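Visitor: Next up, model-v1.txt (compact mmCIF, C-alpha atoms).
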```txt
# COMPACT_ATOMS: atom_id res chain seq x y z
CA MET T 22 1.90 2.91 5.86
CA GLY T 23 4.21 1.50 3.21
CA ASP T 24 3.68 4.51 0.97
CA LYS T 25 4.14 7.10 3.73
CA GLU T 26 7.16 8.58 5.46
CA GLY T 27 7.86 9.78 8.97
CA LEU T 28 10.43 10.13 11.71
CA ILE T 29 10.76 7.58 14.50
CA LEU T 30 12.41 8.49 17.79
CA GLN T 31 13.41 5.62 20.09
CA GLY T 32 13.75 5.63 23.88
CA CYS T 33 11.02 8.20 24.48
CA GLY T 34 10.18 7.50 28.12
CA GLY T 35 7.70 9.59 30.01
CA ASP T 36 4.62 11.40 28.76
CA PRO T 37 4.33 11.23 24.94
CA LYS T 38 2.51 14.59 24.95
CA GLU T 39 5.63 16.22 26.40
CA TRP T 40 7.74 14.63 23.67
CA VAL T 41 5.40 15.89 20.94
CA ALA T 42 5.34 19.41 22.42
CA GLY T 43 9.13 19.41 22.80
CA ILE T 44 9.79 18.18 19.26
CA ASN T 45 7.28 20.67 17.83
CA GLN T 46 9.00 23.52 19.68
CA MET T 47 12.53 22.38 18.78
CA PHE T 48 11.68 21.80 15.10
CA THR T 49 9.92 25.18 14.86
CA GLU T 50 12.90 27.00 16.40
CA GLU T 51 15.35 25.19 14.10
CA GLY T 52 13.29 25.94 10.97
CA ILE T 53 12.40 22.30 10.37
CA LEU T 54 8.65 22.72 10.84
CA LEU T 55 7.44 25.39 8.45
CA GLU T 56 4.44 27.70 8.07
CA GLY T 57 3.24 27.17 11.63
CA THR T 58 2.53 23.46 11.14
CA GLU T 59 3.00 21.01 14.01
CA PHE T 60 2.89 17.29 14.58
CA THR T 61 -0.53 16.45 16.04
CA GLU T 62 -1.18 12.85 15.00
CA VAL T 63 1.66 10.69 16.34
CA SER T 64 1.83 6.99 17.14
CA VAL T 65 3.47 5.54 20.24
CA PHE T 66 4.71 1.95 20.26
CA GLU T 67 7.10 -0.35 22.11
CA HIS T 68 9.92 -2.21 20.37
CA ASP T 69 12.97 -3.95 21.85
CA GLY T 70 12.02 -2.63 25.28
CA LEU T 71 12.02 0.99 24.09
CA SER T 72 9.14 3.44 23.88
CA CYS T 73 9.09 4.85 20.36
CA ILE T 74 7.16 7.69 18.76
CA LEU T 75 6.35 7.95 15.05
CA TYR T 76 5.97 11.49 13.73
CA PRO T 77 4.26 11.06 10.33
CA PHE T 78 4.99 13.70 7.69
CA GLU T 79 1.34 14.02 6.63
CA ASN T 80 -0.28 17.40 7.26
CA VAL T 81 2.99 19.14 8.17
CA LYS T 82 5.35 21.26 6.11
CA ILE T 83 8.95 20.21 6.65
CA GLY T 84 12.33 21.60 5.69
CA MET T 85 13.53 18.15 4.69
CA GLY T 86 17.21 19.09 4.30
CA LYS T 87 17.34 20.54 7.82
CA LEU T 88 15.50 17.53 9.21
CA ALA T 89 17.91 15.11 7.51
CA VAL T 90 20.89 16.92 9.06
CA TRP T 91 19.16 16.99 12.47
CA ARG T 92 18.42 13.27 12.25
CA LEU T 93 22.04 12.43 11.48
CA GLN T 94 23.37 14.70 14.23
CA THR T 95 20.99 13.35 16.88
CA HIS T 96 20.83 9.69 15.95
CA GLU T 97 22.88 8.66 18.99
CA THR T 98 20.71 10.73 21.33
CA PHE T 99 17.24 9.97 19.97
CA GLY T 100 17.77 6.77 17.96
CA SER T 101 16.10 8.68 15.14
CA ALA T 102 15.24 6.78 11.98
CA TRP T 103 13.09 7.23 8.91
CA LEU T 104 9.92 5.15 8.93
CA SER T 105 10.87 3.67 5.54
CA ASP T 106 14.18 2.41 7.03
CA TYR T 107 12.94 1.37 10.46
CA VAL T 108 10.04 -0.86 9.45
CA PRO T 109 11.88 -3.09 6.95
CA ASN T 110 15.11 -3.27 8.96
CA ARG T 111 13.74 -3.55 12.49
CA LEU T 112 10.19 -4.86 12.15
CA GLY T 113 10.48 -7.15 9.12
CA GLY T 114 8.56 -5.02 6.63
CA PHE T 115 5.19 -3.43 6.10
CA ILE T 116 2.03 -5.53 6.23
CA LYS T 117 0.47 -5.74 2.81
CA GLU T 118 -3.22 -5.16 2.62
CA SER T 119 -5.10 -8.31 1.87
CA VAL T 120 -7.18 -7.82 -1.23
CA GLU T 121 -9.61 -10.50 -2.27
CA LYS T 122 -8.99 -11.79 -5.74
CA PRO T 123 -12.04 -11.96 -7.99
CA ASP T 124 -13.03 -15.25 -9.61
CA CYS T 125 -12.17 -15.45 -13.30
CA ALA T 126 -13.38 -18.24 -15.59
CA LEU T 127 -10.23 -19.05 -17.56
CA ILE T 128 -10.39 -22.86 -17.68
CA GLY T 129 -11.72 -23.89 -21.05
CA GLU T 130 -10.81 -20.58 -22.72
CA ASN T 131 -8.38 -20.23 -25.62
CA GLY T 132 -5.01 -20.88 -23.95
CA ASN T 133 -3.16 -18.09 -25.74
CA ILE T 134 -1.51 -16.22 -22.85
CA PHE T 135 -2.52 -12.83 -24.23
CA ASN T 136 -6.13 -13.98 -24.44
CA LEU T 137 -6.03 -15.25 -20.86
CA ALA T 138 -4.36 -12.06 -19.63
CA GLY T 139 -7.00 -10.00 -21.45
CA ILE T 140 -9.85 -11.93 -19.84
CA ALA T 141 -8.23 -11.63 -16.40
CA ALA T 142 -7.63 -7.90 -16.92
CA GLY T 143 -11.28 -7.47 -17.88
CA THR T 144 -12.35 -9.27 -14.71
CA LEU T 145 -10.11 -7.03 -12.62
CA ARG T 146 -11.52 -3.89 -14.26
CA GLU T 147 -15.08 -5.15 -13.69
CA HIS T 148 -14.21 -5.35 -9.98
CA GLY T 149 -12.79 -1.81 -9.83
CA MET T 150 -9.18 -2.96 -9.93
CA LYS T 151 -7.94 -1.04 -12.98
CA GLU T 152 -4.44 -0.44 -11.58
CA GLN T 153 -4.01 -4.14 -10.78
CA ALA T 154 -5.18 -5.01 -14.31
CA GLU T 155 -2.51 -2.78 -15.86
CA GLU T 156 0.16 -4.07 -13.48
CA MET T 157 -0.75 -7.69 -14.22
CA LYS T 158 -0.68 -7.15 -18.00
CA SER T 159 2.72 -5.47 -17.76
CA ARG T 160 4.14 -8.30 -15.66
CA VAL T 161 2.70 -10.96 -18.00
CA CYS T 162 4.23 -9.24 -21.03
CA SER T 163 7.66 -9.17 -19.40
CA SER T 164 7.52 -12.76 -18.11
CA HIS T 165 9.96 -15.33 -19.48
CA SER T 166 7.72 -18.34 -19.90
CA TYR T 167 4.12 -19.40 -20.35
CA GLU T 168 4.13 -21.01 -16.91
CA GLU T 169 5.48 -17.85 -15.26
CA ALA T 170 2.80 -15.78 -17.00
CA LEU T 171 0.08 -18.15 -15.76
CA CYS T 172 1.42 -17.84 -12.21
CA ILE T 173 1.31 -14.05 -12.49
CA ILE T 174 -2.32 -14.15 -13.61
CA GLY T 175 -3.06 -16.43 -10.66
CA GLU T 176 -1.66 -13.80 -8.28
CA TYR T 177 -4.41 -11.40 -9.36
CA VAL T 178 -7.46 -13.62 -9.97
CA ASN T 179 -8.86 -16.94 -8.78
CA VAL T 180 -8.79 -19.09 -11.88
CA THR T 181 -12.08 -20.96 -12.20
CA SER T 182 -13.79 -23.11 -14.76
CA GLY T 183 -17.02 -22.29 -16.48
CA ASP T 184 -18.37 -21.41 -19.81
CA ARG T 185 -17.80 -17.67 -20.10
CA GLN T 186 -20.69 -17.28 -22.53
CA GLU T 187 -22.96 -19.09 -20.07
CA LEU T 188 -21.91 -16.67 -17.31
CA VAL T 189 -22.58 -13.67 -19.56
CA GLU T 190 -26.02 -15.01 -20.47
CA MET T 191 -26.84 -15.64 -16.79
CA GLU T 192 -25.81 -12.08 -15.90
CA GLN T 193 -27.89 -10.68 -18.76
CA GLU T 194 -30.92 -12.73 -17.69
CA THR T 195 -30.55 -11.47 -14.11
CA GLU T 196 -30.39 -7.88 -15.36
CA ARG T 197 -33.53 -8.44 -17.49
CA ARG T 198 -35.43 -9.84 -14.51
CA GLU T 199 -34.35 -6.98 -12.25
CA SER T 200 -35.44 -4.41 -14.83
CA GLY T 201 -38.77 -6.19 -15.44
CA ILE T 202 -38.01 -7.21 -19.03
CA SER T 203 -38.79 -10.80 -19.97
CA ARG T 204 -37.88 -12.87 -23.01
```
Could the structure of this file be written out as C-alpha cells, please?
Guide:
Amino acid sequence: MGDKEGLILQGCGGDPKEWVAGINQMFTEEGILLEGTEFTEVSVFEHDGLSCILYPFENVKIGMGKLAVWRLQTHETFGSAWLSDYVPNRLGGFIKESVEKPDCALIGENGNIFNLAGIAAGTLREHGMKEQAEEMKSRVCSSHSYEEALCIIGEYVNVTSGDRQELVEMEQETERRESGISR
C-alpha cells in the first residue's frame, strides 16, 4: 500500500462495523464524505495493544481539507494518523514487493558502462519491465563511478556469463523448431 493513502484510527475497541457506520455518518454530516460515498473496505489490525482501523481513500470522494482539519482536531481522541505517516513511523515502513530479477548475460560483453546498461535495459524490457529499464538507465547515467553503475545494474538484473550471440541463436533455433521450420 506504499502508493496509497488512508486514515488510521487507533483505540477502536468494540465492533468494527459500528466504527465504520459511525465514521461514515459523522463524515457525511460534516461534509467530509462527498457524493454519497462511504467507506466499505476497511482493515482492522492490532498494534501496541490497540485495535486500529484503516479507512483507505480508494473508491470514496473526500473533502480533503475538511478531513485534514478533523484529523488534527481529533488526534487526541481517535489517535488519527495518515497511512503514509503511520506505517513508516510506527511500523518501520512498507513492505516492498519482491520482484524476481531476470538473468542477463553481461560477463564477456564490451565493458563500456553504457553498453552494459543498454543490454540490461533490453533484458528488462524483454521481461515486461519497461519502467524498471528506464529507472535503471537514469540511475546509471547519474551515478558517480563505474563501480556504482555496475552495482545499480546488479540491482535490476542477475548478471550472468554466456555468449550473447549463442543465446540468440539458441532462441532462434527453438522458435524455428516450434514453428516447424528446419535449417
Visitor: So what do you get for atom CA of T:Trp103 versus atom CA of T:Gly27, distance-wise?
Guide: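 Interatomic distance, atom CA of T:Trp103 to atom CA of T:Gly27: 5.8 Å.
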Visitor: Which polymer residues, whether protein, DNA or RNA, lie within 12 Å of the coordinate (11.4, 26.5, 12.4) when you count all atoms listed in the file? List them as a list in words, using the chain letters and numbers from the file.
Guide: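 Here the neighbourhood of the point contains Ile44, Asn45, Gln46, Met47, Phe48, Thr49, Glu50, Glu51, Gly52, Ile53, Leu54, Leu55, Glu56, Gly57, Thr58, Glu59, Val81, Lys82, Ile83, Gly84, Met85, Lys87 and Leu88 of chain T.
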Visitor: Output C-alpha atoms for every residue in that selection, as a tab-separated table (two decimals), keeping the file's coordinate frame.
Guide:
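Wrote selection_19.tsv, looks like this:
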```
chain	number	residue	atom	x	y	z
T	44	ILE	CA	9.79	18.18	19.26
T	45	ASN	CA	7.28	20.67	17.83
T	46	GLN	CA	9.00	23.52	19.68
T	47	MET	CA	12.53	22.38	18.78
T	48	PHE	CA	11.68	21.80	15.10
T	49	THR	CA	9.92	25.18	14.86
T	50	GLU	CA	12.90	27.00	16.40
T	51	GLU	CA	15.35	25.19	14.10
T	52	GLY	CA	13.29	25.94	10.97
T	53	ILE	CA	12.40	22.30	10.37
T	54	LEU	CA	8.65	22.72	10.84
T	55	LEU	CA	7.44	25.39	8.45
T	56	GLU	CA	4.44	27.70	8.07
T	57	GLY	CA	3.24	27.17	11.63
T	58	THR	CA	2.53	23.46	11.14
T	59	GLU	CA	3.00	21.01	14.01
T	81	VAL	CA	2.99	19.14	8.17
T	82	LYS	CA	5.35	21.26	6.11
T	83	ILE	CA	8.95	20.21	6.65
T	84	GLY	CA	12.33	21.60	5.69
T	85	MET	CA	13.53	18.15	4.69
T	87	LYS	CA	17.34	20.54	7.82
T	88	LEU	CA	15.50	17.53	9.21
```
Visitor: Which residues of stretch 154-181 of chain T come within 8 Å of stretch 128-145 of chain T, and what is each one's closest atom pair and distance in Å (one decimal), counting all atoms listed in the file, sorted by chain and residue number, as a tab-separated table?
Guide:
```
residue	atom	partner	partner_atom	distance
T:Ala154	CA	T:Ala142	CA	4.6
T:Glu155	CA	T:Ala142	CA	7.3
T:Met157	CA	T:Ala142	CA	7.4
T:Lys158	CA	T:Ala138	CA	6.3
T:Val161	CA	T:Ala138	CA	7.3
T:Tyr167	CA	T:Ile134	CA	6.9
T:Ala170	CA	T:Ile134	CA	7.3
T:Leu171	CA	T:Ile134	CA	7.5
T:Ile174	CA	T:Ala138	CA	6.7
T:Tyr177	CA	T:Leu145	CA	7.9
T:Val178	CA	T:Ala141	CA	6.8
T:Val180	CA	T:Ile128	CA	7.1
T:Thr181	CA	T:Ile128	CA	6.0
```
Visitor: What lies within 9 Å of T:Tyr76 using only C-alpha atoms, ignoring chain neighbours under 2 positions off, as a list in words?
Guide: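 The residues that qualify are Glu26, Gly27, Leu28, Ile29, Leu30, Val41, Phe60, Thr61, Glu62, Val63, Ser64, Ile74, Phe78, Glu79 and Leu104 of chain T.
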Visitor: Take the residues just selected and output them with C-alpha atoms as a PDB file, in the coordinates of the input.
Guide:
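Okay, selection.pdb is ready:
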```
ATOM      1  CA  GLU T  26       7.160   8.580   5.460  1.00  0.00           C
ATOM      2  CA  GLY T  27       7.860   9.780   8.970  1.00  0.00           C
ATOM      3  CA  LEU T  28      10.430  10.130  11.710  1.00  0.00           C
ATOM      4  CA  ILE T  29      10.760   7.580  14.500  1.00  0.00           C
ATOM      5  CA  LEU T  30      12.410   8.490  17.790  1.00  0.00           C
ATOM      6  CA  VAL T  41       5.400  15.890  20.940  1.00  0.00           C
ATOM      7  CA  PHE T  60       2.890  17.290  14.580  1.00  0.00           C
ATOM      8  CA  THR T  61      -0.530  16.450  16.040  1.00  0.00           C
ATOM      9  CA  GLU T  62      -1.180  12.850  15.000  1.00  0.00           C
ATOM     10  CA  VAL T  63       1.660  10.690  16.340  1.00  0.00           C
ATOM     11  CA  SER T  64       1.830   6.990  17.140  1.00  0.00           C
ATOM     12  CA  ILE T  74       7.160   7.690  18.760  1.00  0.00           C
ATOM     13  CA  PHE T  78       4.990  13.700   7.690  1.00  0.00           C
ATOM     14  CA  GLU T  79       1.340  14.020   6.630  1.00  0.00           C
ATOM     15  CA  LEU T 104       9.920   5.150   8.930  1.00  0.00           C
TER      16      LEU T 104
END
```
Visitor: Suppose you want the space between atom CA of T:Ile173 and atom CA of T:Leu127; what is it in Å?
Guide: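 It comes out at 13.6 Å.
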Visitor: Need the shell around T:Ser72: protein/DNA/RNA residues with any atom at most 7 Å away, counting all atoms listed in the file. Skip same-chain ones fewer than 5 positions apart. Format as a PyMOL selection string?
Guide: chain T and resi 31-34+66-67
Visitor: Keeping only C-alpha atoms, write the selected residues as a JSON list (two decimals), keeping the file's coordinate frame.
Guide:
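After the write, out36.json holds the following:
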```json
[["chain", "number", "residue", "atom", "x", "y", "z"],
["T", 31, "GLN", "CA", 13.41, 5.62, 20.09],
["T", 32, "GLY", "CA", 13.75, 5.63, 23.88],
["T", 33, "CYS", "CA", 11.02, 8.20, 24.48],
["T", 34, "GLY", "CA", 10.18, 7.50, 28.12],
["T", 66, "PHE", "CA", 4.71, 1.95, 20.26],
["T", 67, "GLU", "CA", 7.10, -0.35, 22.11]]
```
Visitor: Find the distance between atom CA of T:Glu152 and atom CA of T:Asp24 and write it in Å to one decimal.
Guide: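 The value is 15.7 Å.
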Visitor: Counting only C-alpha atoms, which residue out of T:His68, T:His148, T:Glu176, T:Cys73 sits closest to T:Arg160?
Guide: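 Of the candidates, the smallest distance to T:Arg160 is held by T:Glu176.
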Visitor: In terms of the shortest atom-to-atom distance over all atoms listed in the file, which of T:Glu39, T:Glu147, T:Ala89, T:Leu112 is closest to T:Asp124?
Guide: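 Counting all atoms listed in the file, the residue closest to T:Asp124 is T:Glu147.
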